[in-house]
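Source file query.txt; content: compact mmCIF, C-alpha atoms.
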```
# COMPACT_ATOMS: atom_id res chain seq x y z
CA MET A 151 -5.94 46.93 -42.32
CA ASP A 152 -6.83 44.50 -45.09
CA ASN A 153 -3.18 44.19 -46.00
CA PHE A 154 -2.33 43.33 -42.38
CA LEU A 155 -5.03 40.65 -42.13
CA SER A 156 -3.83 39.02 -45.36
CA ILE A 157 -0.20 38.70 -44.22
CA GLU A 158 1.04 35.12 -44.50
CA LEU A 159 2.37 33.70 -41.24
CA LEU A 160 3.16 30.24 -42.54
CA ARG A 161 3.39 28.51 -45.91
CA ILE A 162 3.69 24.77 -46.47
CA GLY A 163 3.44 23.81 -50.12
CA ASN A 164 0.15 25.15 -51.42
CA TYR A 165 -1.18 25.89 -47.93
CA SER A 166 -0.73 29.27 -46.30
CA LEU A 167 -1.78 30.57 -42.88
CA THR A 168 -2.79 34.22 -42.75
CA VAL A 169 -3.39 36.60 -39.86
CA ILE A 170 -7.15 36.63 -40.39
CA GLU A 171 -7.35 32.83 -40.31
CA LEU A 172 -5.37 32.69 -37.08
CA ALA A 173 -7.62 35.41 -35.62
CA GLN A 174 -10.71 33.41 -36.56
CA VAL A 175 -9.33 30.33 -34.78
CA LEU A 176 -8.59 32.35 -31.63
CA ILE A 177 -12.09 33.82 -31.70
CA ILE A 178 -13.68 30.36 -32.11
CA ILE A 179 -11.67 28.93 -29.21
CA SER A 180 -12.47 31.94 -27.03
CA ILE A 181 -16.18 31.62 -27.76
CA ALA A 182 -16.06 27.90 -26.94
CA TRP A 183 -14.25 28.63 -23.66
CA LEU A 184 -16.74 31.33 -22.64
CA PHE A 185 -19.69 29.16 -23.65
CA THR A 186 -18.30 26.28 -21.57
CA LEU A 187 -17.97 28.55 -18.53
CA LEU A 188 -21.54 29.79 -19.02
CA ILE A 189 -22.98 26.28 -19.34
CA THR A 190 -21.00 25.10 -16.29
CA LYS A 191 -22.28 28.03 -14.22
CA ILE A 192 -25.88 27.36 -15.24
CA LEU A 193 -25.54 23.64 -14.48
CA ARG A 194 -23.98 24.33 -11.06
CA ARG A 195 -26.89 26.58 -10.09
CA TYR A 196 -29.39 24.02 -11.34
CA PHE A 197 -27.81 21.15 -9.42
CA ARG A 198 -27.62 23.22 -6.24
CA ARG A 199 -31.23 24.36 -6.56
CA LYS A 200 -32.43 20.79 -7.13
CA ASN A 201 -30.06 19.45 -4.43
CA LEU A 202 -28.64 16.91 -6.88
CA ASP A 203 -25.45 14.88 -6.57
CA ILE A 204 -22.37 17.09 -7.09
CA GLY A 205 -20.48 14.17 -8.63
CA ARG A 206 -23.14 13.94 -11.30
CA PHE A 207 -22.63 17.65 -12.01
CA TYR A 208 -18.93 17.14 -12.67
CA SER A 209 -19.65 14.26 -15.03
CA VAL A 210 -22.30 16.14 -17.04
CA SER A 211 -20.27 19.36 -17.24
CA ARG A 212 -17.17 17.45 -18.36
CA LEU A 213 -19.09 15.67 -21.12
CA ILE A 214 -20.63 18.94 -22.37
CA SER A 215 -17.21 20.62 -22.40
CA TYR A 216 -15.82 17.77 -24.50
CA VAL A 217 -18.60 18.18 -27.04
CA ILE A 218 -18.17 21.97 -27.21
CA TYR A 219 -14.41 21.77 -27.71
CA VAL A 220 -14.68 19.07 -30.38
CA ILE A 221 -17.12 21.28 -32.30
CA ALA A 222 -14.78 24.26 -31.82
CA ILE A 223 -11.85 22.27 -33.19
CA LEU A 224 -13.85 21.25 -36.26
CA PHE A 225 -14.83 24.88 -36.93
CA SER A 226 -11.20 25.89 -36.42
CA PHE A 227 -10.12 23.47 -39.14
CA GLN A 228 -12.71 24.98 -41.43
CA ALA A 229 -11.43 28.48 -40.63
CA LEU A 230 -7.88 27.38 -41.45
CA GLY A 231 -9.02 26.17 -44.84
CA ILE A 232 -8.63 22.49 -44.01
CA HIS A 233 -11.57 20.56 -45.42
CA LEU A 234 -13.14 18.07 -43.02
CA SER A 235 -13.40 15.46 -45.78
CA VAL A 236 -9.61 15.34 -45.88
CA ILE A 237 -9.48 14.93 -42.09
CA TRP A 238 -12.03 12.10 -42.09
CA ALA A 239 -10.23 10.31 -44.93
CA GLY A 240 -6.88 10.59 -43.18
CA ALA A 241 -8.38 9.54 -39.85
CA ALA A 242 -10.03 6.50 -41.43
CA ALA A 243 -6.76 5.38 -42.99
CA LEU A 244 -4.96 5.94 -39.69
CA LEU A 245 -7.54 4.02 -37.68
CA VAL A 246 -7.41 1.06 -40.06
CA GLY A 247 -3.64 0.90 -39.69
CA LEU A 248 -3.52 1.38 -35.91
CA GLY A 249 -6.87 -0.07 -34.89
CA PHE A 250 -5.52 -3.27 -33.38
CA GLY A 251 -2.75 -1.49 -31.52
CA LEU A 252 -5.07 1.18 -30.13
CA GLN A 253 -8.07 -0.99 -29.27
CA HIS A 254 -7.43 -0.68 -25.52
CA ILE A 255 -7.25 3.10 -25.79
CA PHE A 256 -10.51 3.21 -27.76
CA ASN A 257 -12.07 0.93 -25.17
CA ASP A 258 -11.04 3.35 -22.42
CA LEU A 259 -12.40 6.32 -24.41
CA VAL A 260 -15.77 4.67 -24.96
CA SER A 261 -15.86 3.61 -21.30
CA GLY A 262 -15.20 7.22 -20.28
CA ILE A 263 -18.22 8.38 -22.28
CA VAL A 264 -20.33 5.62 -20.70
CA LEU A 265 -19.30 6.74 -17.20
CA LEU A 266 -20.08 10.37 -17.94
CA VAL A 267 -23.49 9.52 -19.41
CA GLU A 268 -24.69 6.79 -17.01
CA GLY A 269 -23.12 8.16 -13.84
CA THR A 270 -22.53 4.68 -12.35
CA VAL A 271 -19.30 6.06 -10.93
CA ALA A 272 -19.13 9.79 -10.20
CA VAL A 273 -16.69 12.23 -8.63
CA ASN A 274 -16.46 11.91 -4.80
CA ASP A 275 -17.85 8.35 -4.85
CA VAL A 276 -16.21 5.84 -2.48
CA VAL A 277 -15.33 2.76 -4.53
CA ILE A 278 -13.42 -0.51 -4.31
CA VAL A 279 -11.45 -1.34 -7.47
CA GLU A 280 -9.24 -4.44 -7.51
CA GLY A 281 -9.30 -4.51 -3.71
CA ILE A 282 -8.28 -0.84 -3.41
CA VAL A 283 -10.59 1.49 -1.48
CA GLY A 284 -10.57 5.13 -2.53
CA ILE A 285 -12.46 8.27 -3.50
CA VAL A 286 -12.97 9.16 -7.16
CA ARG A 287 -11.38 12.58 -7.59
CA ALA A 288 -11.70 13.04 -11.37
CA ILE A 289 -13.19 11.24 -14.35
CA GLY A 290 -11.43 11.95 -17.62
CA LEU A 291 -12.22 10.81 -21.12
CA ARG A 292 -9.74 7.90 -20.96
CA THR A 293 -8.66 7.54 -17.31
CA SER A 294 -9.95 8.38 -13.86
CA LYS A 295 -8.12 9.44 -10.70
CA VAL A 296 -8.84 7.59 -7.45
CA GLU A 297 -7.38 8.77 -4.14
CA THR A 298 -6.63 5.89 -1.77
CA ARG A 299 -6.78 5.89 2.02
CA ASP A 300 -3.05 6.64 2.01
CA LYS A 301 -3.70 9.87 0.02
CA VAL A 302 -2.08 8.34 -3.07
CA ILE A 303 -3.60 9.16 -6.46
CA ILE A 304 -4.03 6.11 -8.69
CA ILE A 305 -4.69 6.50 -12.42
CA ILE A 306 -7.23 3.84 -13.44
CA PRO A 307 -8.33 3.18 -17.05
CA ASN A 308 -12.03 3.82 -17.45
CA SER A 309 -12.56 0.35 -18.91
CA LYS A 310 -11.88 -1.14 -15.46
CA LEU A 311 -14.66 0.98 -13.97
CA VAL A 312 -17.12 -0.19 -16.63
CA SER A 313 -16.30 -3.80 -17.50
CA GLU A 314 -15.02 -5.12 -14.14
CA ASN A 315 -16.73 -5.55 -10.80
CA VAL A 316 -16.61 -2.25 -8.90
CA THR A 317 -18.13 -1.75 -5.46
CA ASN A 318 -19.60 1.74 -5.16
CA TRP A 319 -20.44 2.39 -1.51
CA SER A 320 -21.80 5.84 -2.35
CA HIS A 321 -24.75 4.24 -4.17
CA ASN A 322 -25.97 2.67 -0.94
CA ASP A 323 -29.12 4.32 0.35
CA ALA A 324 -28.47 2.88 3.81
CA SER A 325 -25.43 2.01 5.89
CA THR A 326 -23.31 -1.07 5.20
CA ARG A 327 -22.74 -4.06 7.48
CA PHE A 328 -19.23 -4.91 8.66
CA GLN A 329 -17.84 -7.41 11.14
CA VAL A 330 -15.08 -7.95 13.71
CA LYS A 331 -14.05 -11.50 14.61
CA VAL A 332 -12.44 -12.68 17.85
CA GLY A 333 -11.66 -15.98 19.56
CA VAL A 334 -12.09 -16.71 23.29
CA ALA A 335 -11.05 -19.56 25.54
CA TYR A 336 -13.33 -22.61 25.74
CA ALA A 337 -13.99 -22.01 29.45
CA SER A 338 -15.33 -18.49 28.82
CA ASN A 339 -18.82 -17.34 29.76
CA ILE A 340 -20.28 -17.02 26.25
CA GLU A 341 -23.23 -14.88 27.38
CA LEU A 342 -20.77 -12.40 28.90
CA VAL A 343 -18.71 -12.48 25.71
CA GLU A 344 -21.77 -11.52 23.69
CA ARG A 345 -22.71 -8.70 26.07
CA LEU A 346 -19.20 -7.20 26.08
CA MET A 347 -18.89 -7.27 22.29
CA LEU A 348 -22.24 -5.50 21.95
CA GLU A 349 -21.18 -2.97 24.57
CA ALA A 350 -18.06 -2.14 22.57
CA CYS A 351 -20.17 -1.51 19.47
CA ASN A 352 -22.86 0.50 21.21
CA ASN A 353 -20.26 2.84 22.73
CA HIS A 354 -18.62 3.70 19.39
CA PRO A 355 -19.93 6.92 17.75
CA LYS A 356 -19.43 5.59 14.20
CA VAL A 357 -21.52 2.44 14.79
CA GLN A 358 -25.22 2.86 14.15
CA HIS A 359 -27.79 1.73 16.69
CA ALA A 360 -30.38 0.93 14.04
CA PRO A 361 -30.12 -1.74 12.81
CA PRO A 362 -28.56 -2.91 16.07
CA ALA A 363 -25.29 -4.81 16.26
CA LYS A 364 -25.52 -8.59 16.62
CA VAL A 365 -23.09 -11.27 17.76
CA ALA A 366 -22.81 -14.63 16.00
CA PHE A 367 -21.18 -17.75 17.40
CA GLU A 368 -19.14 -18.67 14.33
CA GLU A 369 -17.47 -21.99 15.13
CA PHE A 370 -15.60 -24.22 17.53
CA GLY A 371 -12.01 -23.42 16.62
CA ASP A 372 -8.92 -25.50 17.25
CA SER A 373 -8.02 -23.54 20.37
CA SER A 374 -10.85 -21.03 20.82
CA LEU A 375 -14.54 -20.32 20.45
CA VAL A 376 -14.89 -17.95 17.50
CA PHE A 377 -17.39 -15.06 17.69
CA SER A 378 -18.17 -12.29 15.21
CA VAL A 379 -19.94 -9.03 15.94
CA PHE A 380 -21.83 -7.56 12.97
CA PHE A 381 -22.52 -3.83 12.94
CA PHE A 382 -23.71 -1.15 10.53
CA SER A 383 -21.83 2.03 9.73
CA GLU A 384 -21.73 4.82 7.15
CA GLU A 385 -18.00 5.36 7.68
CA PHE A 386 -16.96 3.62 4.47
CA LEU A 387 -13.54 5.09 3.77
CA ALA A 388 -12.16 4.90 7.33
CA ILE A 389 -13.95 1.69 8.33
CA GLU A 390 -10.62 -0.02 9.15
CA PHE A 391 -10.06 2.51 11.93
CA VAL A 392 -13.56 1.85 13.26
CA LYS A 393 -12.78 -1.87 13.33
CA SER A 394 -9.48 -1.12 15.06
CA ASP A 395 -11.27 0.92 17.75
CA LEU A 396 -13.67 -1.96 18.33
CA ARG A 397 -10.81 -4.44 18.68
CA PHE A 398 -9.15 -2.17 21.25
CA ALA A 399 -12.42 -1.82 23.17
CA ILE A 400 -13.22 -5.56 23.04
CA THR A 401 -9.71 -6.46 24.25
CA ARG A 402 -9.98 -4.00 27.14
CA LEU A 403 -13.44 -5.20 28.17
CA PHE A 404 -12.38 -8.85 27.97
CA ARG A 405 -9.37 -8.24 30.20
CA ASP A 406 -11.43 -6.27 32.73
CA ASN A 407 -13.97 -9.12 32.94
CA GLY A 408 -11.59 -12.07 32.92
CA ILE A 409 -12.31 -13.24 29.36
CA GLU A 410 -9.22 -14.85 27.86
CA ILE A 411 -8.22 -14.49 24.21
CA PRO A 412 -6.08 -17.61 23.80
CA PHE A 413 -3.10 -18.10 21.55
CA PRO A 414 -2.93 -21.19 19.31
CA GLN A 415 -2.14 -24.30 21.32
CA ARG A 416 -0.90 -27.69 20.25
CA ASP A 417 -0.35 -30.89 22.23
CA LEU A 418 3.01 -32.42 21.39
CA TRP A 419 3.52 -36.15 21.95
CA ILE A 420 7.09 -37.47 21.94
CA ARG A 421 7.65 -41.14 21.50
CA ASN A 422 11.03 -42.35 22.76
CA THR A 423 12.17 -45.67 21.40
CA LEU A 424 15.30 -47.23 22.90
CA THR A 425 16.96 -49.93 20.93
CA LEU A 426 19.46 -52.17 22.66
CA ASN A 427 21.95 -53.88 20.51
CA LYS A 428 22.98 -57.11 22.01
CA GLU A 429 26.28 -58.43 21.10
```
Can you give me the file's structure in the form of structure tokens?
Amino acid sequence: MDNFLSIELLRIGNYSLTVIELAQVLIIISIAWLFTLLITKILRRYFRRKNLDIGRFYSVSRLISYVIYVIAILFSFQALGIHLSVIWAGAAALLVGLGFGLQHIFNDLVSGIVLLVEGTVAVNDVVIVEGIVGIVRAIGLRTSKVETRDKVIIIIPNSKLVSENVTNWSHNDASTRFQVKVGVAYASNIELVERLMLEACNNHPKVQHAPPAKVAFEEFGDSSLVFSVFFFSEEFLAIEFVKSDLRFAITRLFRDNGIEIPFPQRDLWIRNTLTLNKE
């Protein structure tokens, strides 16, 4: 048995890899994997019992798994006979040489740790990044995956989620206010316009009744009176479809009650100048 464990599997210069060293590495990795599963199971039960945010659970469990696997890798190097001092010396020399070229990657890595620790953006949060609305599906150590309304997965560097302005609708304790704007003819009954716009909002199941919707007379436009109806809703991701439903309803109510939505109009003056050449 001892002879089998001491069999050399690989030799590079003065370094040799034996069966027992490979077995030790496999045992270390297996222990790390089992320990990660155990910690994840304990955390999941704790978060469910405390009714905590599930996105926060994914962030914490991912960070703990990173730490466990890094420790396992370091122990694996030790088991293989590779001294950590050699690794740190080589890593320092490598980082000095490639530091400027890899600064964006390091920035993303540090940002990933910040996200996992602070939890400002978590899995299943609805966010707006660079004008794109989506759901955070995964937060990695360097990049995160955001699923857009079109069911397209976008890979976003973590630095953008930390250093740039990101709107996180999931952090709102209450609903968010949105608006729909429409123009009506100057001869319209403005009190009726207000009532019909409120009726369209009050009849929509995704529009909240408290706080109630309100109509604002925005401005005297070039060819119409401009009104906006402000309403509150918790339908963050599909809010464009809610707005579309309201536009359909407002258009229908306006037509049924004789309210005209005018098209842009311009008065065109033509000046005709006739020049007679007298001979």
Among the residues A:Ile221, A:Val330, A:Val264, A:Val279, the one that comes closest to A:Glu368 [using only C-alpha atoms]:
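Selected residue with least distance to A:Glu368: A:Val330.
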Which residue gives the smallest distance to A:Val379 among A:Asn352, A:Gln329, A:Thr293, A:Gln358, with all atoms listed in the file counted?
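For A:Val379, the nearest of the candidates is A:Gln329.
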Test item: which residues lie within 12 Å of (-8.7, -21.3, 12.6) counting only C-alpha atoms, as an mmCIF file with C-alpha atoms, in the coordinates of the input:
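Saved as point16.cif:
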```cif
data_model
loop_
_atom_site.group_PDB
_atom_site.id
_atom_site.type_symbol
_atom_site.label_atom_id
_atom_site.label_comp_id
_atom_site.auth_asym_id
_atom_site.auth_seq_id
_atom_site.Cartn_x
_atom_site.Cartn_y
_atom_site.Cartn_z
ATOM 1 C CA LYS A 331 -14.050 -11.500 14.610
ATOM 2 C CA VAL A 332 -12.440 -12.680 17.850
ATOM 3 C CA GLY A 333 -11.660 -15.980 19.560
ATOM 4 C CA GLU A 368 -19.140 -18.670 14.330
ATOM 5 C CA GLU A 369 -17.470 -21.990 15.130
ATOM 6 C CA PHE A 370 -15.600 -24.220 17.530
ATOM 7 C CA GLY A 371 -12.010 -23.420 16.620
ATOM 8 C CA ASP A 372 -8.920 -25.500 17.250
ATOM 9 C CA SER A 373 -8.020 -23.540 20.370
ATOM 10 C CA SER A 374 -10.850 -21.030 20.820
ATOM 11 C CA LEU A 375 -14.540 -20.320 20.450
ATOM 12 C CA VAL A 376 -14.890 -17.950 17.500
ATOM 13 C CA PHE A 377 -17.390 -15.060 17.690
ATOM 14 C CA PHE A 413 -3.100 -18.100 21.550
ATOM 15 C CA PRO A 414 -2.930 -21.190 19.310
ATOM 16 C CA GLN A 415 -2.140 -24.300 21.320
#
```
Hey, can you check how far atom CA of A:Ala229 sits from atom CA of A:Trp183?
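We find that atom CA of A:Ala229 and atom CA of A:Trp183 lie 17.2 Å from each other.
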Measuring atom to atom with all atoms listed in the file, identify which of A:Ile181, A:Phe197, A:Lys301, A:Leu230 is nearest to A:Val169.
A:Leu230
Determine the nearest neighbour of A:Asn339 from the options A:Asn315, A:Ser211, A:Asn407, A:Thr190, counting all atoms listed in the file.
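Among the listed residues, A:Asn407 lies closest to A:Asn339.
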For A:Thr401, list every protein, DNA or RNA residue within 10 Å, evaluated using all atoms listed in the file, and leave out those in the same chain fewer than 4 positions away; present the list as JSON, numbers by chain.
{"A": [332, 346, 347, 350, 395, 396, 397, 405, 406, 409, 410, 411]}
Residues as selected, C-alpha atoms, written as a short mmCIF file (atom, residue, chain, number, x, y, z; two decimals), in the frame of the given file, can you do that?
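Result written to part_10.cif:
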```cif
data_model
loop_
_atom_site.label_atom_id
_atom_site.label_comp_id
_atom_site.auth_asym_id
_atom_site.auth_seq_id
_atom_site.Cartn_x
_atom_site.Cartn_y
_atom_site.Cartn_z
CA VAL A 332 -12.44 -12.68 17.85
CA LEU A 346 -19.20 -7.20 26.08
CA MET A 347 -18.89 -7.27 22.29
CA ALA A 350 -18.06 -2.14 22.57
CA ASP A 395 -11.27 0.92 17.75
CA LEU A 396 -13.67 -1.96 18.33
CA ARG A 397 -10.81 -4.44 18.68
CA ARG A 405 -9.37 -8.24 30.20
CA ASP A 406 -11.43 -6.27 32.73
CA ILE A 409 -12.31 -13.24 29.36
CA GLU A 410 -9.22 -14.85 27.86
CA ILE A 411 -8.22 -14.49 24.21
#
```
Atomic distance atom CA of A:Val286 - atom CA of A:Asn274, expressed in Å with one decimal:
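Rounded to one decimal, the two atoms are 5.0 Å apart.
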For A:Ile214, find every residue with an atom within 12 Å (counting all atoms listed in the file), except residues of its own chain fewer than 4 positions away, and show them as a PyMOL selection string.
chain A and resi 182-183+185-190+193+207-210+218-221+263+266-267+291
Proximity to A:Glu280 - best of A:Val316, A:Val296, A:Val260, A:Leu387, all atoms listed in the file:
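Of A:Val316, A:Val296, A:Val260, A:Leu387, the one nearest A:Glu280, counting all atoms listed in the file, is A:Val316.
With only the atoms specified (all atoms listed in the file) counting, those residues at most 7 Å away from (-19.4, 4.3, -9.0) are Thr270, Val271, Ala272, Asp275, Val277 and Asn318 of chain A.
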From A:Ser215, A:Arg292, A:Ser383, A:Ile306, residue lying nearest A:Pro355 [all atoms listed in the file]:
A:Ser383
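If you look at atom CA of A:Pro361 and atom CA of A:Phe382, they are 6.8 Å away from each other.
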